[in-house]
file entry-v1.csv (CSV, C-alpha atoms)
chain,number,residue,atom,x,y,z
A,9,ALA,CA,6.0,-5.0,-28.8
A,10,GLY,CA,4.6,-8.4,-29.6
A,11,GLU,CA,5.1,-9.5,-26.0
A,12,ALA,CA,3.5,-6.4,-24.7
A,13,THR,CA,0.4,-6.9,-27.0
A,14,GLN,CA,0.1,-10.5,-25.8
A,15,ALA,CA,0.3,-9.4,-22.2
A,16,ALA,CA,-2.3,-6.8,-22.7
A,17,GLY,CA,-4.7,-9.5,-23.8
A,18,ASP,CA,-3.9,-11.8,-20.9
A,19,PRO,CA,-6.4,-11.2,-18.0
A,20,ALA,CA,-3.9,-12.3,-15.4
A,21,ALA,CA,-1.2,-9.9,-16.7
A,22,VAL,CA,-3.7,-7.1,-17.0
A,23,VAL,CA,-4.9,-7.7,-13.4
A,24,ALA,CA,-1.3,-7.9,-12.1
A,25,ALA,CA,-0.4,-4.6,-13.7
A,26,ALA,CA,-3.5,-3.0,-12.2
A,27,ILE,CA,-2.6,-4.3,-8.7
A,28,ASP,CA,0.9,-2.9,-9.1
A,29,GLN,CA,-0.7,0.5,-9.3
A,30,LEU,CA,-1.9,0.1,-5.7
A,31,ARG,CA,1.5,-0.8,-4.3
A,32,GLY,CA,3.8,1.5,-2.4
A,33,VAL,CA,1.2,4.2,-1.6
A,34,HIS,CA,1.9,6.6,1.3
A,35,THR,CA,-0.6,9.4,1.6
A,36,GLU,CA,1.0,11.2,4.6
A,37,GLY,CA,2.3,14.6,3.5
A,38,MET,CA,0.5,14.6,0.1
A,39,SER,CA,-0.8,17.8,-1.2
A,40,ALA,CA,-4.4,18.1,-2.4
A,41,ALA,CA,-3.3,17.9,-6.0
A,42,GLU,CA,-1.2,14.8,-5.3
A,43,LYS,CA,-4.2,13.1,-3.6
A,44,THR,CA,-6.4,14.0,-6.6
A,45,ALA,CA,-3.9,12.4,-9.0
A,46,LEU,CA,-3.6,9.4,-6.7
A,47,GLY,CA,-7.4,9.0,-6.6
A,48,GLU,CA,-7.5,9.1,-10.4
A,49,ARG,CA,-4.8,6.4,-10.7
A,50,LEU,CA,-6.5,4.2,-8.2
A,51,ASP,CA,-9.9,4.6,-10.0
A,52,ARG,CA,-8.3,3.5,-13.2
A,53,ALA,CA,-6.8,0.4,-11.5
A,54,TRP,CA,-10.1,-0.5,-9.9
A,55,ASP,CA,-11.9,-0.1,-13.2
A,56,THR,CA,-9.5,-2.6,-14.8
A,57,LEU,CA,-10.0,-5.0,-11.9
A,58,TYR,CA,-13.8,-4.8,-12.2
A,59,ASP,CA,-13.5,-5.5,-15.9
A,60,HIS,CA,-11.7,-8.8,-15.1
A,61,ARG,CA,-13.5,-9.9,-12.0
A,62,ALA,CA,-12.7,-13.6,-12.1
A,63,ALA,CA,-9.0,-13.1,-12.6
A,64,ALA,CA,-9.0,-10.1,-10.2
A,65,LYS,CA,-10.6,-12.2,-7.4
A,66,LYS,CA,-8.0,-15.0,-7.8
A,67,ALA,CA,-5.1,-12.5,-7.8
A,68,ILE,CA,-6.4,-10.5,-4.9
A,69,LEU,CA,-6.8,-13.6,-2.7
A,70,ALA,CA,-3.2,-14.6,-3.6
A,71,VAL,CA,-1.8,-11.2,-2.7
A,72,LEU,CA,-3.8,-10.9,0.6
A,73,ALA,CA,-2.5,-14.3,1.6
A,74,THR,CA,1.1,-13.4,1.1
A,75,GLU,CA,1.6,-9.6,1.5
A,76,ARG,CA,3.0,-8.6,4.9
A,77,ASP,CA,4.4,-5.1,4.6
A,78,ASP,CA,2.3,-2.9,2.3
A,79,SER,CA,-0.6,-1.8,4.5
A,80,PHE,CA,-2.2,0.5,2.0
A,81,LEU,CA,-2.3,-2.4,-0.5
A,82,LEU,CA,-3.8,-4.8,2.1
A,83,VAL,CA,-6.5,-2.4,3.0
A,84,ASP,CA,-7.4,-1.4,-0.5
A,85,LEU,CA,-7.5,-4.9,-1.8
A,86,SER,CA,-9.6,-6.0,1.2
A,87,HIS,CA,-12.0,-3.2,0.4
A,88,LEU,CA,-12.1,-4.2,-3.3
A,89,LEU,CA,-12.7,-7.9,-2.4
A,90,THR,CA,-15.7,-7.0,-0.3
A,91,THR,CA,-17.3,-5.4,-3.4
A,92,LEU,CA,-16.4,-8.2,-5.7
A,93,ASP,CA,-17.4,-11.2,-3.6
A,94,LEU,CA,-19.3,-11.2,-0.3
A,95,LYS,CA,-18.4,-14.9,0.1
A,96,SER,CA,-14.7,-13.8,0.6
A,97,LEU,CA,-15.4,-11.4,3.5
A,98,GLU,CA,-13.4,-13.6,5.9
A,99,SER,CA,-10.3,-13.5,3.6
A,100,ALA,CA,-10.6,-9.7,3.5
A,101,ALA,CA,-11.0,-9.6,7.3
A,102,GLY,CA,-7.9,-11.7,7.8
A,103,ALA,CA,-5.8,-9.4,5.7
A,104,LEU,CA,-7.2,-6.3,7.4
A,105,SER,CA,-6.4,-7.7,10.8
A,106,ARG,CA,-2.7,-7.6,10.1
A,107,ALA,CA,-2.5,-4.3,8.3
A,108,ASP,CA,-1.8,-0.8,9.7
A,109,VAL,CA,-5.3,0.4,9.1
A,110,THR,CA,-4.4,4.0,9.6
A,111,ALA,CA,-2.4,3.8,6.3
A,112,HIS,CA,-5.7,3.9,4.4
A,113,PRO,CA,-8.5,5.3,6.6
A,114,SER,CA,-11.2,5.6,3.9
A,115,GLY,CA,-10.5,2.0,2.6
A,116,THR,CA,-10.7,0.7,6.2
A,117,PHE,CA,-14.1,2.3,6.7
A,118,HIS,CA,-15.6,1.1,3.5
A,119,ALA,CA,-14.2,-2.5,3.9
A,120,THR,CA,-15.3,-2.8,7.5
A,121,SER,CA,-18.7,-1.2,6.9
A,122,ARG,CA,-19.4,-3.8,4.2
A,123,MET,CA,-18.4,-6.6,6.5
A,124,ALA,CA,-20.7,-5.1,9.2
A,125,ALA,CA,-23.6,-4.7,6.8
A,126,SER,CA,-23.4,-8.4,6.1
A,127,HIS,CA,-23.2,-9.1,9.8
A,128,CYS,CA,-20.1,-11.3,9.3
A,129,SER,CA,-19.5,-12.6,12.8
A,130,ALA,CA,-16.1,-13.9,11.8
A,131,CYS,CA,-15.2,-10.4,10.7
A,132,LEU,CA,-15.9,-8.7,14.0
A,133,ALA,CA,-12.3,-8.6,15.2
A,134,ALA,CA,-11.3,-6.9,11.9
A,135,VAL,CA,-14.2,-4.5,12.1
A,136,ILE,CA,-13.1,-3.5,15.6
A,137,ARG,CA,-9.9,-2.1,14.0
A,138,ILE,CA,-12.1,0.9,12.9
A,139,LEU,CA,-11.5,2.2,16.5
A,140,GLU,CA,-8.0,3.1,15.4
A,141,ILE,CA,-9.2,5.6,12.8
A,142,LYS,CA,-9.4,9.2,13.8
A,143,ASP,CA,-10.8,10.6,10.6
A,144,THR,CA,-12.1,8.4,7.8
A,145,GLU,CA,-11.5,11.2,5.2
A,146,THR,CA,-14.4,9.9,3.1
A,147,GLN,CA,-18.1,10.0,2.4
A,148,ILE,CA,-20.8,7.7,1.1
A,149,ALA,CA,-20.7,8.9,-2.5
A,150,GLN,CA,-24.3,7.8,-3.4
A,151,HIS,CA,-25.7,10.2,-0.8
A,152,ALA,CA,-22.8,12.8,-0.6
A,153,LEU,CA,-22.8,11.9,3.1
A,154,PRO,CA,-19.6,12.9,5.0
A,155,ILE,CA,-18.6,10.2,7.5
A,156,ASP,CA,-18.0,11.8,10.9
A,157,PRO,CA,-16.9,9.8,14.0
A,158,GLN,CA,-20.4,8.8,15.0
A,159,LEU,CA,-21.4,7.7,11.5
A,160,MET,CA,-18.1,5.8,11.2
A,161,LEU,CA,-19.0,3.8,14.3
A,162,ILE,CA,-22.7,3.4,13.5
A,163,PHE,CA,-21.9,1.9,10.1
A,164,THR,CA,-19.3,-0.5,11.5
A,165,VAL,CA,-19.3,-1.8,15.1
A,166,GLY,CA,-22.8,-0.4,15.6
A,167,GLN,CA,-24.2,-3.1,13.2
A,168,TYR,CA,-23.2,-5.8,15.6
A,169,GLY,CA,-25.3,-4.6,18.5
A,170,ASP,CA,-24.7,-6.5,21.8
A,171,ASP,CA,-22.1,-8.7,20.2
A,172,ALA,CA,-19.8,-5.8,19.9
A,173,VAL,CA,-20.2,-4.5,23.5
A,174,GLY,CA,-17.6,-6.9,25.0
A,175,PRO,CA,-14.8,-6.4,22.4
A,176,VAL,CA,-15.3,-2.6,22.3
A,177,SER,CA,-15.3,-2.4,26.1
A,178,ALA,CA,-12.0,-4.1,26.2
A,179,LYS,CA,-10.5,-1.2,24.2
A,180,LEU,CA,-11.4,1.4,26.8
A,181,THR,CA,-8.0,0.7,28.4
A,182,SER,CA,-6.0,0.9,25.2
A,183,ASP,CA,-2.8,2.8,25.3
A,184,ASN,CA,-3.9,4.6,22.1
A,185,CYS,CA,-5.8,7.8,22.7
A,186,VAL,CA,-7.9,7.5,19.5
A,187,VAL,CA,-8.9,4.0,20.3
A,188,ARG,CA,-10.0,4.9,23.9
A,189,GLY,CA,-12.1,7.8,22.6
A,190,ASN,CA,-13.7,5.8,19.8
A,191,ALA,CA,-14.4,2.9,22.2
A,192,ALA,CA,-16.2,5.2,24.6
A,193,LEU,CA,-18.2,6.8,21.9
A,194,ALA,CA,-19.1,3.5,20.3
A,195,LEU,CA,-20.4,2.2,23.6
A,196,GLY,CA,-22.6,5.3,23.9
A,197,LEU,CA,-24.1,4.3,20.6
A,198,LEU,CA,-24.3,0.6,21.4
A,199,GLN,CA,-26.3,1.3,24.6
A,200,PRO,CA,-25.0,-1.5,26.8
A,201,ARG,CA,-27.1,-2.7,29.7
A,202,SER,CA,-24.8,-1.1,32.3
A,203,ILE,CA,-22.4,1.8,31.9
A,204,PRO,CA,-18.7,0.8,32.1
A,205,GLY,CA,-17.1,2.8,34.8
A,206,GLU,CA,-14.0,3.2,32.6
A,207,ILE,CA,-16.0,5.7,30.4
A,208,ARG,CA,-16.5,7.9,33.5
A,209,ARG,CA,-12.8,7.6,34.3
A,210,ILE,CA,-11.8,8.6,30.7
A,211,ALA,CA,-14.2,11.6,30.9
A,212,VAL,CA,-12.6,12.9,34.1
A,213,GLU,CA,-9.0,11.8,34.1
A,214,ASP,CA,-7.8,10.9,30.6
A,215,PRO,CA,-4.8,13.0,29.5
A,216,CYS,CA,-6.1,13.0,25.9
A,217,ASP,CA,-8.5,15.9,25.1
A,218,GLU,CA,-10.2,13.9,22.3
A,219,ALA,CA,-10.7,10.8,24.4
A,220,ARG,CA,-12.3,12.9,27.2
A,221,SER,CA,-14.5,14.7,24.7
A,222,LYS,CA,-15.9,11.5,23.2
A,223,ALA,CA,-16.4,10.0,26.7
A,224,TRP,CA,-18.6,13.0,27.7
A,225,VAL,CA,-20.7,12.5,24.6
A,226,ALA,CA,-21.0,8.8,25.4
A,227,LEU,CA,-22.1,9.6,29.0
A,228,GLY,CA,-24.8,11.9,27.5
A,229,LEU,CA,-26.0,9.3,25.1
A,230,LEU,CA,-26.2,6.8,27.9
A,231,ASP,CA,-28.1,9.2,30.1
A,232,ASP,CA,-25.6,8.5,32.9
A,233,PRO,CA,-27.3,9.0,36.3
A,234,LEU,CA,-23.9,9.9,37.7
A,235,LEU,CA,-23.2,12.5,35.1
A,236,ALA,CA,-23.5,15.4,37.5
A,237,ARG,CA,-21.1,13.8,39.9
A,238,SER,CA,-18.6,13.3,37.1
A,239,VAL,CA,-19.0,16.9,36.0
A,240,THR,CA,-18.3,18.1,39.5
A,241,ARG,CA,-15.1,16.1,39.6

call {"tool": "encode", "arguments": {"input": "entry-v1.csv", "output": "structure tokens"}}
result
Amino acid sequence: AGEATQAAGDPAAVVAAAIDQLRGVHTEGMSAAEKTALGERLDRAWDTLYDHRAAAKKAILAVLATERDDSFLLVDLSHLLTTLDLKSLESAAGALSRADVTAHPSGTFHATSRMAASHCSACLAAVIRILEIKDTETQIAQHALPIDPQLMLIFTVGQYGDDAVGPVSAKLTSDNCVVRGNAALALGLLQPRSIPGEIRRIAVEDPCDEARSKAWVALGLLDDPLLARSVTR
């Protein structure tokens, strides 16, 4: 009991216990009630980490530098770090770059949108990972604004303007259906100087319904002069 009381007063121990609450999370197959319970657990952990900011930042940086397997933890701590210290965005981006971002879609969106809002050029490669997300499953709480695919891209890669056109265009040939579709839609929003022919090919030939749908939206946003020809095909 004495040791437990001492640990409770030690910021490093309190922070470590809070971070442990973020480990081993797998949301796939969770019921609505289970997700609600998980959200409450994560909120309590975040509150504790906010209450011990200095110790939390030090511990988070250490975990992000060493963790390799727990993608939910990497994403969640990257998101938390972007809220604690904007000077640590590059560390958060580095961790996000090696995580499976689909393990935590909402965390990925919030982390990358904060990087993008700060126009962190070194974070762009990590922000591009948002193209892997099909549904963010989140909203901007302050405005009760649900994040649909277009808003997801506007708040992330859209903040980089022309600097994002090249990296996003490279994803049009991804073997991932979600990435191809999001890349096409993102380019529709980015308004490049010329329309990549690959968007037209996706619209007409792609075997993935979702990728085709987003490519058509992109061609409309780009006011493609060849739109009628593509439709005929």

call {"tool": "atom_distance", "arguments": {"input": "entry-v1.csv", "atom1": "atom CA of A:Lys65", "atom2": "atom CA of A:Ala100"}}
result
11.2 Å

call {"tool": "residues_around", "arguments": {"input": "entry-v1.csv", "residues": "A:Val71", "least_positions_apart": "3", "cutoff": "12 Å", "atoms": "only C-alpha atoms", "output": "PyMOL selection string"}}
result
chain A and resi 23-24+27-28+30-31+64-68+74-79+81-86+89+99-100+103

call {"tool": "residues_around", "arguments": {"input": "entry-v1.csv", "residues": "stretch 195-211 of chain A", "least_positions_apart": "5", "cutoff": "6 Å", "atoms": "only C-alpha atoms", "output": "PyMOL selection string"}}
result
chain A and resi 220+223-224+226+229-230

call {"tool": "residues_around", "arguments": {"input": "entry-v1.csv", "residues": "A:Ala236", "least_positions_apart": "4", "cutoff": "12 Å", "atoms": "all atoms listed in the file", "output": "PDB file with C-alpha atoms, keeping the file's coordinate frame"}}
result
ATOM      1  CA  ARG A 208     -16.500   7.900  33.500  1.00  0.00           C
ATOM      2  CA  VAL A 212     -12.600  12.900  34.100  1.00  0.00           C
ATOM      3  CA  TRP A 224     -18.600  13.000  27.700  1.00  0.00           C
ATOM      4  CA  LEU A 227     -22.100   9.600  29.000  1.00  0.00           C
ATOM      5  CA  GLY A 228     -24.800  11.900  27.500  1.00  0.00           C
ATOM      6  CA  ASP A 231     -28.100   9.200  30.100  1.00  0.00           C
ATOM      7  CA  ASP A 232     -25.600   8.500  32.900  1.00  0.00           C
ATOM      8  CA  THR A 240     -18.300  18.100  39.500  1.00  0.00           C
ATOM      9  CA  ARG A 241     -15.100  16.100  39.600  1.00  0.00           C
TER      10      ARG A 241
END

call {"tool": "atom_distance", "arguments": {"input": "entry-v1.csv", "atom1": "atom CA of A:Ala124", "atom2": "atom CA of A:Thr164"}}
result
5.3 Å

call {"tool": "residues_around", "arguments": {"input": "entry-v1.csv", "residues": "A:Thr110", "least_positions_apart": "3", "cutoff": "8 Å", "atoms": "only C-alpha atoms", "output": "JSON, numbers by chain"}}
result
{"A": [113, 116, 140, 141]}

call {"tool": "atom_distance", "arguments": {"input": "entry-v1.csv", "atom1": "atom CA of A:Thr144", "atom2": "atom CA of A:Ser114"}}
result
4.9 Å

call {"tool": "residues_around", "arguments": {"input": "entry-v1.csv", "residues": "A:His127", "least_positions_apart": "4", "cutoff": "7 Å", "atoms": "all atoms listed in the file", "output": "list in words"}}
result
Met123, Gln167 and Tyr168 of chain A

call {"tool": "closest_residue", "arguments": {"input": "entry-v1.csv", "among": "A:Gly37, A:Gly174, A:Gly189, A:Gly32", "to": "A:Asp217", "atoms": "all atoms listed in the file"}}
result
A:Gly189

call {"tool": "closest_residue", "arguments": {"input": "entry-v1.csv", "among": "A:Ala63, A:Leu235, A:Leu57, A:Ala70", "to": "A:Thr91", "atoms": "only C-alpha atoms"}}
result
A:Leu57

call {"tool": "closest_residue", "arguments": {"input": "entry-v1.csv", "among": "A:Lys142, A:Val22, A:Glu36, A:Leu88", "to": "A:Leu50", "atoms": "only C-alpha atoms"}}
result
A:Leu88

call {"tool": "closest_residue", "arguments": {"input": "entry-v1.csv", "among": "A:Ala149, A:Ala178, A:Val135, A:Ala20", "to": "A:Gly102", "atoms": "all atoms listed in the file"}}
result
A:Val135

call {"tool": "closest_residue", "arguments": {"input": "entry-v1.csv", "among": "A:Ser129, A:Thr35, A:Ser121, A:Gln29", "to": "A:Ile155", "atoms": "only C-alpha atoms"}}
result
A:Ser121

call {"tool": "residues_near_point", "arguments": {"input": "entry-v1.csv", "point": "(-11.6, 12.3, 0.9)", "cutoff": "12 Å", "atoms": "only C-alpha atoms", "output": "list in words"}}
result
Thr35, Ala40, Lys43, Thr44, Leu46, Gly47, His112, Pro113, Ser114, Gly115, Phe117, Asp143, Thr144, Glu145, Thr146, Gln147, Ile148, Ala149, Ala152, Leu153, Pro154, Ile155 and Asp156 of chain A

call {"tool": "closest_residue", "arguments": {"input": "entry-v1.csv", "among": "A:Pro157, A:Val165, A:Val186, A:Gln150", "to": "A:Thr120", "atoms": "all atoms listed in the file"}}
result
A:Val165
